[in-house]
Number of protein chains: 2
Amino acid sequence: MNATKRKRLKAKGWRFGDAKELLGLSDEESKYVELKMRLAESLRKKRLKRRLGQTELAKLIESSQSRVAKMEAADGSVSIDLLIRSLLALGASNPELGRIIARTHRG
Amino acid sequence: MNATKRKRLKAKGWRFGDAKELLGLSDEESKYVELKMRLAESLRKKRLKRRLGQTELAKLIESSQSRVAKMEAADGSVSIDLLIRSLLALGASNPELGRIIARTHRG
DNA sequence: ACAGTGTATGTCGGATTAGACATATTGTCA
DNA sequence: TGACAATATGTCTAATCCGACATACACTGT
């Protein structure tokens with residue numbers, strides 16, 4: 001139902017566990033948050049693989065270190081949109097994105 | 001490089017063809033736009049499969065008919081974020097989303 | 001303990017995106 | 001053709017998100 005509202009969740013602390021039980025999250029909400037965490041995790045992996053610091057990655061995608069940190073933390077102020085654009089900027093293909101998103105978690 | 005800026009593309013007219021040549025789109029930009037179009041298309045398919053009108057779907061996801069129309073048209077004012085939330089609201093699983101995103105187009 | 005490097009967190013102003021409304025367009029049926 | 005439903009398009013205001021900055025925290029090496 002409420003697909004749109006309440007994205008202000010913060011996703012802090014529970015890096016792997018399920019979202020659903022901690023807060024009163026609906027199915028879509030928890031799927032949304034898990035998806036976001038998976039993307040966040042992949043971003044960090046890709047960055048480390050390239051041996052880049054957050055500041056360097058920030059420069060690469062025309063953003064700031066703090067935003068990169070927030071992306072990787074799946075912060076509530078970060079959209080899936082931004083995560084996807086950043087992954088694409090790091091050279092992820094659409095099939096690769098698909099794999100990341102499909103996985104039922106712990107990338 | 002410029003992952004962030006210029007999303008104001010409208011994606012009008014070229015329902016399937018490649019984005020890249022029409023405008024001066026970078027690799028990530030065209031991947032982004034194609035991705036969006038694939039999601040848009042899937043949303044429409046899912047809606048029709050359920051025999052819902054845009055107005056009904058709008059109600060379901062707490063949005064408006066006009067926004068649904070724009071989503072399905074992959075309008076520039078629509079984010080991938082919103083498309084994903086809508087698909088989740090229509091019951092798409094993460095693996096299903098993954099498949100949609102992975103496909104190299106004409107889903 | 002201090003300096004240096006990298007990451008996290010809080011906040012702010014400005015940019016983008018959202019839902020809503022009005023209106024136009026398209027399609028179907030009588 | 002006219003009436004009606006469905007979808008598309010344009011524009012507004014409000015909410016959300018983004019980059020930036022400041023600053024805090026964590027970890028090394030000395």
# chains A, B, ... in the order shown; residues from 1 in each chain; ligands from 1
>>> interface_residues(of="chain A", to="chain D", cutoff="10 Å", atoms="only C-alpha atoms (C1' of nucleotides)", output="NGL selection string")
:A and (7-8 or 62-67 or 76-79 or 82)
>>> select_by_dssp(residues="range 67-102 of chain B", states="helix (DSSP H, G or I)", output="VMD selection string")
chain B and resid 67 to 72 80 to 89 94 to 102
>>> closest_atom_pairs(of="chain C", to="chain B", cutoff="8 Å", atoms="only C-alpha atoms (C1' of nucleotides)", output="tab-separated table")
residue	atom	partner	partner_atom	distance
C:DT17	C1'	B:Ser77	CA	6.4
C:DG19	C1'	B:Ser63	CA	6.0
C:DA20	C1'	B:Ser64	CA	7.1
>>> write_last_selection(atoms="all heavy atoms", output="short mmCIF file (atom, residue, chain, number, x, y, z; two decimals), in the first residue's frame")
data_model
loop_
_atom_site.label_atom_id
_atom_site.label_comp_id
_atom_site.auth_asym_id
_atom_site.auth_seq_id
_atom_site.Cartn_x
_atom_site.Cartn_y
_atom_site.Cartn_z
P DT C 17 15.51 14.32 -10.61
OP1 DT C 17 16.21 13.03 -10.69
OP2 DT C 17 15.10 15.04 -11.81
"O5'" DT C 17 14.23 14.09 -9.68
"C5'" DT C 17 14.43 13.48 -8.42
"C4'" DT C 17 13.11 13.37 -7.69
"O4'" DT C 17 12.66 14.67 -7.30
"C3'" DT C 17 11.97 12.75 -8.50
"O3'" DT C 17 11.33 11.82 -7.65
"C2'" DT C 17 11.08 13.95 -8.83
"C1'" DT C 17 11.29 14.80 -7.58
N1 DT C 17 11.01 16.25 -7.70
C2 DT C 17 10.33 16.86 -6.68
O2 DT C 17 9.93 16.27 -5.70
N3 DT C 17 10.15 18.21 -6.86
C4 DT C 17 10.57 18.98 -7.91
O4 DT C 17 10.35 20.18 -7.93
C5 DT C 17 11.28 18.28 -8.95
C7 DT C 17 11.79 19.01 -10.15
C6 DT C 17 11.47 16.96 -8.79
P DG C 19 4.43 10.12 -5.47
OP1 DG C 19 4.22 8.97 -4.59
OP2 DG C 19 4.54 9.96 -6.93
"O5'" DG C 19 3.29 11.20 -5.21
"C5'" DG C 19 2.98 11.59 -3.88
"C4'" DG C 19 1.98 12.73 -3.93
"O4'" DG C 19 2.51 13.80 -4.73
"C3'" DG C 19 0.63 12.36 -4.55
"O3'" DG C 19 -0.39 12.89 -3.70
"C2'" DG C 19 0.65 13.01 -5.92
"C1'" DG C 19 1.54 14.22 -5.69
N9 DG C 19 2.29 14.67 -6.87
C8 DG C 19 2.97 13.89 -7.77
N7 DG C 19 3.54 14.59 -8.72
C5 DG C 19 3.22 15.90 -8.42
C6 DG C 19 3.55 17.11 -9.10
O6 DG C 19 4.23 17.24 -10.13
N1 DG C 19 3.03 18.23 -8.46
C2 DG C 19 2.27 18.20 -7.31
N2 DG C 19 1.85 19.36 -6.85
N3 DG C 19 1.95 17.07 -6.67
C4 DG C 19 2.45 15.97 -7.28
P DA C 20 -1.96 12.66 -4.03
OP1 DA C 20 -2.62 12.58 -2.72
OP2 DA C 20 -2.09 11.56 -5.01
"O5'" DA C 20 -2.42 14.01 -4.75
"C5'" DA C 20 -2.24 15.24 -4.08
"C4'" DA C 20 -2.60 16.38 -5.02
"O4'" DA C 20 -1.58 16.48 -6.03
"C3'" DA C 20 -3.92 16.19 -5.76
"O3'" DA C 20 -4.79 17.24 -5.39
"C2'" DA C 20 -3.56 16.23 -7.24
"C1'" DA C 20 -2.18 16.89 -7.23
N9 DA C 20 -1.30 16.44 -8.30
C8 DA C 20 -0.96 15.15 -8.61
N7 DA C 20 -0.14 15.04 -9.62
C5 DA C 20 0.07 16.35 -10.02
C6 DA C 20 0.85 16.91 -11.05
N6 DA C 20 1.57 16.19 -11.90
N1 DA C 20 0.84 18.25 -11.18
C2 DA C 20 0.10 18.98 -10.32
N3 DA C 20 -0.66 18.56 -9.31
C4 DA C 20 -0.63 17.23 -9.21
#
>>> interface_residues(of="chain A", to="chain B", cutoff="10 Å", atoms="only C-alpha atoms", output="number ranges by chain")
A: 1-5, 26-32, 34-35, 59-63, 79-105
>>> atom_distance(atom1="CA of Gln54 in chain B", atom2="CA of Ala69 in chain B")
6.9 Å
>>> atom_distance(atom1="C1' of DA24 in chain C", atom2="CA of Ala40 in chain B")
22.7 Å
>>> atom_distance(atom1="CA of Glu72 in chain B", atom2="CA of Glu41 in chain A")
29.4 Å
>>> decode(residues="range 19-30 of chain D", atoms="all heavy atoms", output="compact mmCIF listing (two decimals), in the first residue's frame")
# COMPACT_ATOMS: atom_id res chain seq x y z
P DG D 19 25.26 14.06 -5.27
OP1 DG D 19 25.65 13.72 -6.64
OP2 DG D 19 25.39 13.09 -4.18
O5' DG D 19 26.03 15.38 -4.81
C5' DG D 19 25.99 16.52 -5.64
C4' DG D 19 26.52 17.71 -4.88
O4' DG D 19 25.72 17.93 -3.70
C3' DG D 19 27.97 17.58 -4.40
O3' DG D 19 28.64 18.78 -4.77
C2' DG D 19 27.85 17.39 -2.90
C1' DG D 19 26.55 18.13 -2.58
N9 DG D 19 25.80 17.59 -1.43
C8 DG D 19 25.55 16.28 -1.16
N7 DG D 19 24.85 16.10 -0.07
C5 DG D 19 24.63 17.38 0.42
C6 DG D 19 23.93 17.82 1.57
O6 DG D 19 23.35 17.13 2.43
N1 DG D 19 23.95 19.21 1.69
C2 DG D 19 24.56 20.06 0.81
N2 DG D 19 24.48 21.36 1.09
N3 DG D 19 25.22 19.67 -0.28
C4 DG D 19 25.22 18.32 -0.41
P DA D 20 30.19 18.99 -4.45
OP1 DA D 20 30.70 19.88 -5.49
OP2 DA D 20 30.81 17.68 -4.23
O5' DA D 20 30.20 19.78 -3.06
C5' DA D 20 29.49 21.01 -2.98
C4' DA D 20 29.48 21.49 -1.55
O4' DA D 20 28.59 20.67 -0.78
C3' DA D 20 30.84 21.42 -0.85
O3' DA D 20 31.27 22.74 -0.56
C2' DA D 20 30.59 20.60 0.41
C1' DA D 20 29.08 20.60 0.54
N9 DA D 20 28.53 19.39 1.11
C8 DA D 20 28.72 18.11 0.66
N7 DA D 20 28.10 17.19 1.37
C5 DA D 20 27.47 17.91 2.37
C6 DA D 20 26.66 17.53 3.44
N6 DA D 20 26.34 16.26 3.70
N1 DA D 20 26.19 18.50 4.24
C2 DA D 20 26.52 19.78 3.98
N3 DA D 20 27.27 20.27 3.00
C4 DA D 20 27.72 19.27 2.21
P DC D 21 32.77 23.01 -0.20
OP1 DC D 21 33.08 24.33 -0.74
OP2 DC D 21 33.60 21.84 -0.51
O5' DC D 21 32.69 23.12 1.40
C5' DC D 21 31.80 24.06 1.98
C4' DC D 21 31.54 23.68 3.42
O4' DC D 21 30.80 22.46 3.48
C3' DC D 21 32.81 23.42 4.24
O3' DC D 21 33.01 24.51 5.13
C2' DC D 21 32.52 22.12 4.99
C1' DC D 21 31.04 21.89 4.74
N1 DC D 21 30.69 20.45 4.67
C2 DC D 21 29.77 19.93 5.58
O2 DC D 21 29.27 20.70 6.41
N3 DC D 21 29.47 18.62 5.54
C4 DC D 21 30.03 17.82 4.62
N4 DC D 21 29.69 16.54 4.61
C5 DC D 21 30.97 18.34 3.68
C6 DC D 21 31.27 19.64 3.73
P DA D 22 34.29 24.53 6.13
OP1 DA D 22 34.57 25.95 6.40
OP2 DA D 22 35.35 23.65 5.59
O5' DA D 22 33.70 23.85 7.44
C5' DA D 22 32.48 24.34 7.99
C4' DA D 22 32.14 23.52 9.22
O4' DA D 22 31.67 22.22 8.81
C3' DA D 22 33.32 23.27 10.17
O3' DA D 22 32.87 23.49 11.50
C2' DA D 22 33.70 21.82 9.90
C1' DA D 22 32.35 21.21 9.50
N9 DA D 22 32.44 20.06 8.62
C8 DA D 22 33.18 19.93 7.47
N7 DA D 22 33.04 18.77 6.88
C5 DA D 22 32.16 18.08 7.69
C6 DA D 22 31.61 16.79 7.61
N6 DA D 22 31.90 15.94 6.62
N1 DA D 22 30.76 16.40 8.59
C2 DA D 22 30.48 17.27 9.57
N3 DA D 22 30.93 18.52 9.76
C4 DA D 22 31.77 18.85 8.77
P DT D 23 33.97 23.49 12.69
OP1 DT D 23 33.45 24.39 13.73
OP2 DT D 23 35.32 23.65 12.12
O5' DT D 23 33.84 22.01 13.24
C5' DT D 23 32.53 21.50 13.52
C4' DT D 23 32.60 20.01 13.71
O4' DT D 23 32.76 19.32 12.45
C3' DT D 23 33.79 19.54 14.59
O3' DT D 23 33.26 18.74 15.61
C2' DT D 23 34.63 18.72 13.63
C1' DT D 23 33.55 18.20 12.70
N1 DT D 23 34.01 17.63 11.40
C2 DT D 23 33.57 16.38 11.06
O2 DT D 23 32.83 15.72 11.77
N3 DT D 23 34.04 15.91 9.86
C4 DT D 23 34.88 16.56 8.98
O4 DT D 23 35.23 16.03 7.92
C5 DT D 23 35.30 17.88 9.39
C7 DT D 23 36.21 18.68 8.53
C6 DT D 23 34.85 18.33 10.57
P DA D 24 34.09 18.43 16.94
OP1 DA D 24 33.47 19.17 18.04
OP2 DA D 24 35.53 18.57 16.66
O5' DA D 24 33.76 16.88 17.13
C5' DA D 24 32.41 16.47 16.95
C4' DA D 24 32.41 15.00 16.57
O4' DA D 24 32.87 14.84 15.21
C3' DA D 24 33.35 14.16 17.45
O3' DA D 24 32.65 13.01 17.87
C2' DA D 24 34.50 13.81 16.51
C1' DA D 24 33.81 13.80 15.16
N9 DA D 24 34.68 14.08 14.02
C8 DA D 24 35.42 15.21 13.79
N7 DA D 24 36.11 15.18 12.66
C5 DA D 24 35.81 13.95 12.13
C6 DA D 24 36.22 13.31 10.94
N6 DA D 24 37.06 13.87 10.05
N1 DA D 24 35.74 12.07 10.70
C2 DA D 24 34.90 11.52 11.59
N3 DA D 24 34.43 12.02 12.73
C4 DA D 24 34.93 13.26 12.95
P DC D 25 33.23 12.15 19.06
OP1 DC D 25 32.08 11.75 19.89
OP2 DC D 25 34.39 12.86 19.65
O5' DC D 25 33.77 10.85 18.32
C5' DC D 25 32.86 10.11 17.54
C4' DC D 25 33.64 9.19 16.62
O4' DC D 25 34.40 9.98 15.69
C3' DC D 25 34.67 8.31 17.35
O3' DC D 25 34.27 6.97 17.18
C2' DC D 25 36.00 8.62 16.66
C1' DC D 25 35.54 9.23 15.34
N1 DC D 25 36.51 10.16 14.69
C2 DC D 25 37.04 9.83 13.45
O2 DC D 25 36.73 8.75 12.92
N3 DC D 25 37.90 10.69 12.85
C4 DC D 25 38.21 11.84 13.45
N4 DC D 25 39.05 12.66 12.81
C5 DC D 25 37.67 12.20 14.71
C6 DC D 25 36.84 11.34 15.29
P DA D 26 35.08 5.79 17.87
OP1 DA D 26 34.10 4.70 18.07
OP2 DA D 26 35.87 6.32 19.00
O5' DA D 26 36.10 5.33 16.73
C5' DA D 26 35.59 4.93 15.47
C4' DA D 26 36.72 4.33 14.65
O4' DA D 26 37.46 5.39 14.01
C3' DA D 26 37.72 3.52 15.47
O3' DA D 26 37.96 2.32 14.74
C2' DA D 26 38.96 4.42 15.55
C1' DA D 26 38.84 5.23 14.27
N9 DA D 26 39.38 6.59 14.31
C8 DA D 26 39.20 7.52 15.29
N7 DA D 26 39.78 8.67 15.04
C5 DA D 26 40.39 8.48 13.80
C6 DA D 26 41.17 9.31 12.98
N6 DA D 26 41.47 10.56 13.29
N1 DA D 26 41.62 8.79 11.82
C2 DA D 26 41.30 7.53 11.50
N3 DA D 26 40.58 6.64 12.20
C4 DA D 26 40.15 7.20 13.35
P DC D 27 38.89 1.18 15.38
OP1 DC D 27 38.31 -0.11 14.95
OP2 DC D 27 39.13 1.48 16.80
O5' DC D 27 40.26 1.39 14.59
C5' DC D 27 40.24 1.37 13.16
C4' DC D 27 41.57 1.84 12.63
O4' DC D 27 41.73 3.24 12.85
C3' DC D 27 42.77 1.16 13.31
O3' DC D 27 43.48 0.45 12.31
C2' DC D 27 43.57 2.31 13.91
C1' DC D 27 43.10 3.50 13.08
N1 DC D 27 43.20 4.81 13.77
C2 DC D 27 43.90 5.84 13.15
O2 DC D 27 44.41 5.63 12.05
N3 DC D 27 43.99 7.05 13.77
C4 DC D 27 43.41 7.24 14.95
N4 DC D 27 43.52 8.44 15.51
C5 DC D 27 42.68 6.20 15.61
C6 DC D 27 42.61 4.99 14.99
P DT D 28 44.57 -0.69 12.77
OP1 DT D 28 44.24 -1.88 12.03
OP2 DT D 28 44.73 -0.71 14.27
O5' DT D 28 45.93 -0.11 12.19
C5' DT D 28 46.13 1.27 12.27
C4' DT D 28 47.18 1.73 11.30
O4' DT D 28 47.13 3.15 11.36
C3' DT D 28 48.59 1.32 11.69
O3' DT D 28 49.37 0.99 10.56
C2' DT D 28 49.14 2.54 12.44
C1' DT D 28 48.26 3.69 12.02
N1 DT D 28 47.74 4.50 13.19
C2 DT D 28 48.05 5.81 13.22
O2 DT D 28 48.72 6.36 12.37
N3 DT D 28 47.56 6.49 14.31
C4 DT D 28 46.79 5.97 15.34
O4 DT D 28 46.40 6.69 16.26
C5 DT D 28 46.50 4.56 15.22
C7 DT D 28 45.68 3.90 16.27
C6 DT D 28 46.98 3.89 14.15
P DG D 29 50.82 0.39 10.80
OP1 DG D 29 51.26 -0.29 9.55
OP2 DG D 29 50.78 -0.36 12.07
O5' DG D 29 51.76 1.67 11.03
C5' DG D 29 51.94 2.57 9.94
C4' DG D 29 52.73 3.77 10.39
O4' DG D 29 51.97 4.48 11.40
C3' DG D 29 54.08 3.43 11.04
O3' DG D 29 55.05 4.37 10.58
C2' DG D 29 53.82 3.61 12.54
C1' DG D 29 52.80 4.73 12.53
N9 DG D 29 51.93 4.76 13.71
C8 DG D 29 51.25 3.71 14.27
N7 DG D 29 50.53 4.06 15.30
C5 DG D 29 50.75 5.44 15.42
C6 DG D 29 50.23 6.36 16.36
O6 DG D 29 49.45 6.14 17.28
N1 DG D 29 50.71 7.65 16.12
C2 DG D 29 51.58 7.98 15.10
N2 DG D 29 51.93 9.27 15.02
N3 DG D 29 52.07 7.13 14.21
C4 DG D 29 51.61 5.88 14.44
P DT D 30 56.60 4.14 10.89
OP1 DT D 30 57.32 4.56 9.65
OP2 DT D 30 56.81 2.82 11.48
O5' DT D 30 56.88 5.23 12.01
C5' DT D 30 56.68 6.62 11.72
C4' DT D 30 56.79 7.45 12.99
O4' DT D 30 55.67 7.18 13.84
C3' DT D 30 58.04 7.08 13.81
O3' DT D 30 58.98 8.13 13.77
C2' DT D 30 57.51 6.85 15.24
C1' DT D 30 56.08 7.35 15.18
N1 DT D 30 55.12 6.58 16.01
C2 DT D 30 54.39 7.24 16.97
O2 DT D 30 54.48 8.42 17.17
N3 DT D 30 53.52 6.45 17.68
C4 DT D 30 53.34 5.07 17.55
O4 DT D 30 52.53 4.47 18.25
C5 DT D 30 54.12 4.44 16.55
C7 DT D 30 54.00 2.98 16.30
C6 DT D 30 54.99 5.22 15.81
